There are 2 protein chains.
Amino acid sequence: MKVVKNREISLEEYLEAKKNIVDRALDEYLPEMSGPFSEISESMRYTLFAGGKRIRPVLCMASAEAVGGNADSVLPVACAIEMIHTYSLIHDDLPLMDNDDYRRGKPSNHKVFGEGVAVLAGDALLTEAFSLMSGVIPQISPEKSLAIIHEISTAAGFRGMIGGQVADLKAEGEKVDMETVNYIHSHKTQALITVSIRAGAIIAGTGTDDLNALSEYGKKTGLAFQIADDILDIESCRKILGKDTGSDEELKKATYPALIGLEESKERMQKLVEDALADIRHFDEKAEPLRMIARFIAERKS
Amino acid sequence: MKVVKNREISLEEYLEAKKNIVDRALDEYLPEMSGPFSEISESMRYTLFAGGKRIRPVLCMASAEAVGGNADSVLPVACAIEMIHTYSLIHDDLPLMDNDDYRRGKPSNHKVFGEGVAVLAGDALLTEAFSLMSGVIPQISPEKSLAIIHEISTAAGFRGMIGGQVADLKAEGEKVDMETVNYIHSHKTQALITVSIRAGAIIAGTGTDDLNALSEYGKKTGLAFQIADDILDIESCRKILGKDTGSDEELKKATYPALIGLEESKERMQKLVEDALADIRHFDEKAEPLRMIARFIAERKS
């Protein structure tokens, strides 16, 4: 595909290049520290640099580019969203929530730094995200910065991501229906992904119709992303255990495969990706990375 | 003292009137909810309306008035600061932090709603504070709103309040020196109190000299407030136990009385209040509530 300067660039190259930009920026915004902040910043950085794919900041940048903007101008906001996502992972992994000892093959934050510091590291990442977005960002007007902080805090708060986490916590060990699973997915995952895409386009500057189209693309891509996660969870368990584990543990979890099975989950995910692509059909070649990312979500293996 | 319309108003009347304004505003910003948000909002409101003195929002309003501004115009920011203070209480009380089962005579948030929901209620209050401050506030320009969000997030983050909490957590059970106690107090308590006062004056509009004077007043009042808390802790224990407990438990805590004794702590607190009053000596009668509050801190019994 053609993206810049008539050069073919693969999705892998695009993701890698953008991930590197995000990693460098995060390292600049939250550098290693000595003195009294050394332990808390080490704990914040431990999970922030634990090998995430940076899908939210990459979507934010790709969205800015899709409407003709500059990816660099959205970098502070894109990185703030990654900090918010990271805080939610640290708190989710705590014994009092999902009780996960490992994340991406490494011990969870609280296993390394203790539960008290882990809670505070999550709190600090959330707070730092707002500090970053409210600092002077030359390319964004104060009006726009405020509007974006408002959208992001609403998407991350109890009406959005935290609301999904509450419902997930309550659903644990319960038999849940499709309505509950949709509620959890649309709040816990979709809300922050959708706002990442909206924020990129708002900063770059775009009309209402294109913003609505990108929002629709975001909602569908966000839900497809979560269904893909559910499917990967099961398939990796099967691979590791060498048998079908789909009827025990997974059935108790609020997931699509638990409710409608693996095959129908895959079909739904595929349909969501197709619909997301249709939403941005009228965009020109600058939206090609957004199209590649949507397809990648349905095809990824990890 | 004379405050408005040549009528004498006592400190009790002033605090009561302002507290009522804050309580009504908080109830409006975070109302009771039914449906999917009912439990999380109930948990957030439980600690938000657990009987706090609202000292931070009252200081924010009194500071706006001291420089000739309108207390109502700072209300959203004042209430956001109270939400941030409340989230810090909920997380502090968790078993993995201070492990307090009671707060102001009522069971702590996690004792009522469970630890998972308590963590999320804290997260949600912190996030909601930024949603509130970034919403449209007619009396505050976007530039000013952004600057205030930046100051508050910095004061509440790992360079401020959270940094103090980390140091407090690390000091538990350790023998600490004066430098550590000062570090903890200046970060854990003083930072948010100082920014409450600064935010009120910035919103109302004031010159650099007056803002610096109010910052100094804030730092000293904030530290005096924390020393008063330490003293009250010990005195209420003595009252309940009917004996001197100062040599056991308290000595392990990072407090002024543990390091320099009750009497010298009282003298230092008194001196801080006098210095704080000197900082705002040149302000006119509109600063009278700030003066009363500083004196009240050193004299309060609960």
# chains A, B, ... in the order shown; residues from 1 in each chain; ligands from 1
$ residues_around --residues "range 28-35 of chain B" --least-positions-apart "3" --cutoff "12 Å" --atoms "only C-alpha atoms" --output "ChimeraX atom specification"
/A:158-159,163,167 /B:21-25,38-46,48-49,75-80,82-83,124-125,128-129,131-133,135
$ write_last_selection --atoms "C-alpha atoms" --output "compact mmCIF listing (two decimals), in the first residue's frame"
# COMPACT_ATOMS: atom_id res chain seq x y z
CA PHE A 158 -17.34 5.56 36.01
CA ARG A 159 -19.54 6.23 32.96
CA GLY A 163 -18.04 1.34 34.89
CA ALA A 167 -19.61 -4.72 36.00
CA ILE B 21 -22.65 25.39 49.49
CA VAL B 22 -19.98 22.74 48.82
CA ASP B 23 -22.26 19.89 49.92
CA ARG B 24 -25.09 21.07 47.66
CA ALA B 25 -22.70 21.48 44.71
CA SER B 38 -25.88 2.86 41.07
CA GLU B 39 -23.29 0.86 43.03
CA ILE B 40 -20.16 2.74 41.99
CA SER B 41 -21.81 6.13 42.51
CA GLU B 42 -23.15 4.99 45.88
CA SER B 43 -19.63 3.98 46.90
CA MET B 44 -18.17 7.28 45.67
CA ARG B 45 -20.86 9.26 47.51
CA TYR B 46 -20.51 7.20 50.69
CA LEU B 48 -17.69 11.98 49.74
CA PHE B 49 -20.59 12.64 52.14
CA LEU B 75 -17.07 26.06 43.11
CA PRO B 76 -16.43 23.39 40.41
CA VAL B 77 -12.67 23.52 41.04
CA ALA B 78 -13.15 23.57 44.84
CA CYS B 79 -15.40 20.50 44.60
CA ALA B 80 -12.95 18.72 42.27
CA GLU B 82 -12.55 17.66 47.53
CA MET B 83 -13.10 14.66 45.21
CA ALA B 124 -13.54 7.15 39.68
CA LEU B 125 -13.47 10.14 42.07
CA GLU B 128 -14.37 12.67 37.87
CA ALA B 129 -12.43 15.57 39.39
CA SER B 131 -14.01 15.70 34.15
CA LEU B 132 -15.55 18.40 36.37
CA MET B 133 -12.67 20.84 35.94
CA GLY B 135 -16.24 20.88 31.66
$ interface_residues --of "chain B" --to "chain A" --cutoff "6 Å" --atoms "only C-alpha atoms" --output "PyMOL selection string"
chain B and resi 96-97+116+124+127+131+134+142-143+146+150+153+157-158
$ select_by_dssp --residues "range 21-99 of chain B" --states "helix (DSSP H, G or I)" --output "MDAnalysis selection string"
chainID B and resid 21:29 35:48 55:66 71:93
$ closest_residue --among "A:Phe225, A:Tyr14, A:Phe113, A:Phe296" --to "Ala62 in chain A" --atoms "only C-alpha atoms"
A:Tyr14
$ residues_around --residues "Leu211 in chain A" --least-positions-apart "4" --cutoff "10 Å" --atoms "only C-alpha atoms" --output "list in words"
Ser63, Val67, Ile197, Arg198, Ala199, Gly200, Ala201, Ile202, Gly205, Thr206, Gly207, Ser215, Glu216 and Tyr217 of chain A
$ residues_around --residues "range 289-294 of chain B" --least-positions-apart "4" --cutoff "9 Å" --atoms "only C-alpha atoms" --output "list in words"
Val3, Ser10, Leu11, Tyr14, Leu15, Ile55, Leu59, Ala62, Ser63, Glu65, Ala66, Tyr217, Thr221, Ala224, Phe225, Val273, Glu274, Ala276, Leu277, Ile280, Glu285 and Ala298 of chain B
$ write_last_selection --atoms "N, CA and C atoms" --output "short mmCIF file (atom, residue, chain, number, x, y, z; two decimals), in the first residue's frame"
data_model
loop_
_atom_site.label_atom_id
_atom_site.label_comp_id
_atom_site.auth_asym_id
_atom_site.auth_seq_id
_atom_site.Cartn_x
_atom_site.Cartn_y
_atom_site.Cartn_z
N VAL B 3 -17.51 41.04 57.52
CA VAL B 3 -17.21 40.43 56.23
C VAL B 3 -18.12 40.98 55.14
N SER B 10 -19.50 34.99 62.50
CA SER B 10 -18.52 34.20 63.24
C SER B 10 -17.88 33.17 62.31
N LEU B 11 -16.76 32.61 62.75
CA LEU B 11 -16.10 31.57 61.96
C LEU B 11 -17.05 30.38 61.76
N TYR B 14 -19.46 31.13 59.10
CA TYR B 14 -18.79 31.14 57.80
C TYR B 14 -18.53 29.72 57.30
N LEU B 15 -17.93 28.89 58.17
CA LEU B 15 -17.61 27.52 57.78
C LEU B 15 -18.88 26.73 57.43
N ILE B 55 -12.45 21.46 54.32
CA ILE B 55 -11.49 22.53 54.58
C ILE B 55 -10.81 23.00 53.28
N LEU B 59 -11.16 26.74 51.84
CA LEU B 59 -9.97 27.58 51.66
C LEU B 59 -9.90 28.14 50.23
N ALA B 62 -12.44 30.94 50.15
CA ALA B 62 -11.99 32.07 50.98
C ALA B 62 -10.84 32.81 50.30
N SER B 63 -10.00 32.08 49.59
CA SER B 63 -8.88 32.69 48.88
C SER B 63 -9.37 33.55 47.72
N GLU B 65 -12.23 35.03 47.58
CA GLU B 65 -12.83 36.22 48.20
C GLU B 65 -11.75 37.19 48.70
N ALA B 66 -10.66 36.64 49.20
CA ALA B 66 -9.60 37.48 49.75
C ALA B 66 -9.01 38.43 48.70
N TYR B 217 1.17 31.52 52.80
CA TYR B 217 0.10 31.29 53.79
C TYR B 217 -0.36 29.83 53.70
N THR B 221 -0.13 27.08 56.62
CA THR B 221 -1.41 26.61 57.14
C THR B 221 -1.54 25.10 56.92
N ALA B 224 0.67 23.35 59.44
CA ALA B 224 0.04 23.48 60.77
C ALA B 224 -1.15 22.54 60.90
N PHE B 225 -1.91 22.42 59.83
CA PHE B 225 -3.08 21.54 59.81
C PHE B 225 -2.68 20.09 60.06
N VAL B 273 1.16 29.18 62.35
CA VAL B 273 -0.07 29.95 62.18
C VAL B 273 0.24 31.45 62.23
N GLU B 274 1.09 31.85 63.18
CA GLU B 274 1.46 33.27 63.27
C GLU B 274 2.16 33.74 61.99
N ALA B 276 1.87 32.40 59.03
CA ALA B 276 0.88 32.40 57.95
C ALA B 276 0.08 33.70 57.99
N LEU B 277 -0.30 34.11 59.20
CA LEU B 277 -1.06 35.37 59.35
C LEU B 277 -0.21 36.56 58.90
N ILE B 280 -0.16 37.24 55.09
CA ILE B 280 -1.29 37.93 54.45
C ILE B 280 -1.71 39.17 55.25
N GLU B 285 -9.85 43.50 54.76
CA GLU B 285 -10.81 42.72 55.56
C GLU B 285 -11.40 41.52 54.80
N ALA B 298 -5.26 25.87 64.66
CA ALA B 298 -4.44 25.67 65.85
C ALA B 298 -5.29 25.44 67.10
#
$ select_by_dssp --residues "range 33-127 of chain A" --states "strand (DSSP E or B)" --output "list in words"
Tyr102, Arg103, Lys106 and Pro107 of chain A
$ write_last_selection --atoms "C-alpha atoms" --output "short mmCIF file (atom, residue, chain, number, x, y, z; two decimals), in the first residue's frame"
data_model
loop_
_atom_site.label_atom_id
_atom_site.label_comp_id
_atom_site.auth_asym_id
_atom_site.auth_seq_id
_atom_site.Cartn_x
_atom_site.Cartn_y
_atom_site.Cartn_z
CA TYR A 102 1.69 -12.22 35.54
CA ARG A 103 1.17 -9.73 32.73
CA LYS A 106 6.41 -10.81 33.54
CA PRO A 107 5.40 -10.62 37.22
#
$ atom_distance --atom1 "CA of Asp72 in chain A" --atom2 "CA of Ala17 in chain A"
12.3 Å
$ atom_distance --atom1 "CA of Ser186 in chain A" --atom2 "CA of Ile137 in chain B"
29.4 Å
$ atom_distance --atom1 "CA of Asp101 in chain A" --atom2 "CA of Ala258 in chain A"
23.2 Å
$ residues_around --residues "Gly222 in chain B" --least-positions-apart "3" --cutoff "7 Å" --atoms "only C-alpha atoms" --output "list in words"
Thr189, Gln190, Ile193, Thr194, Gly218, Lys219, Phe225 and Gln226 of chain B
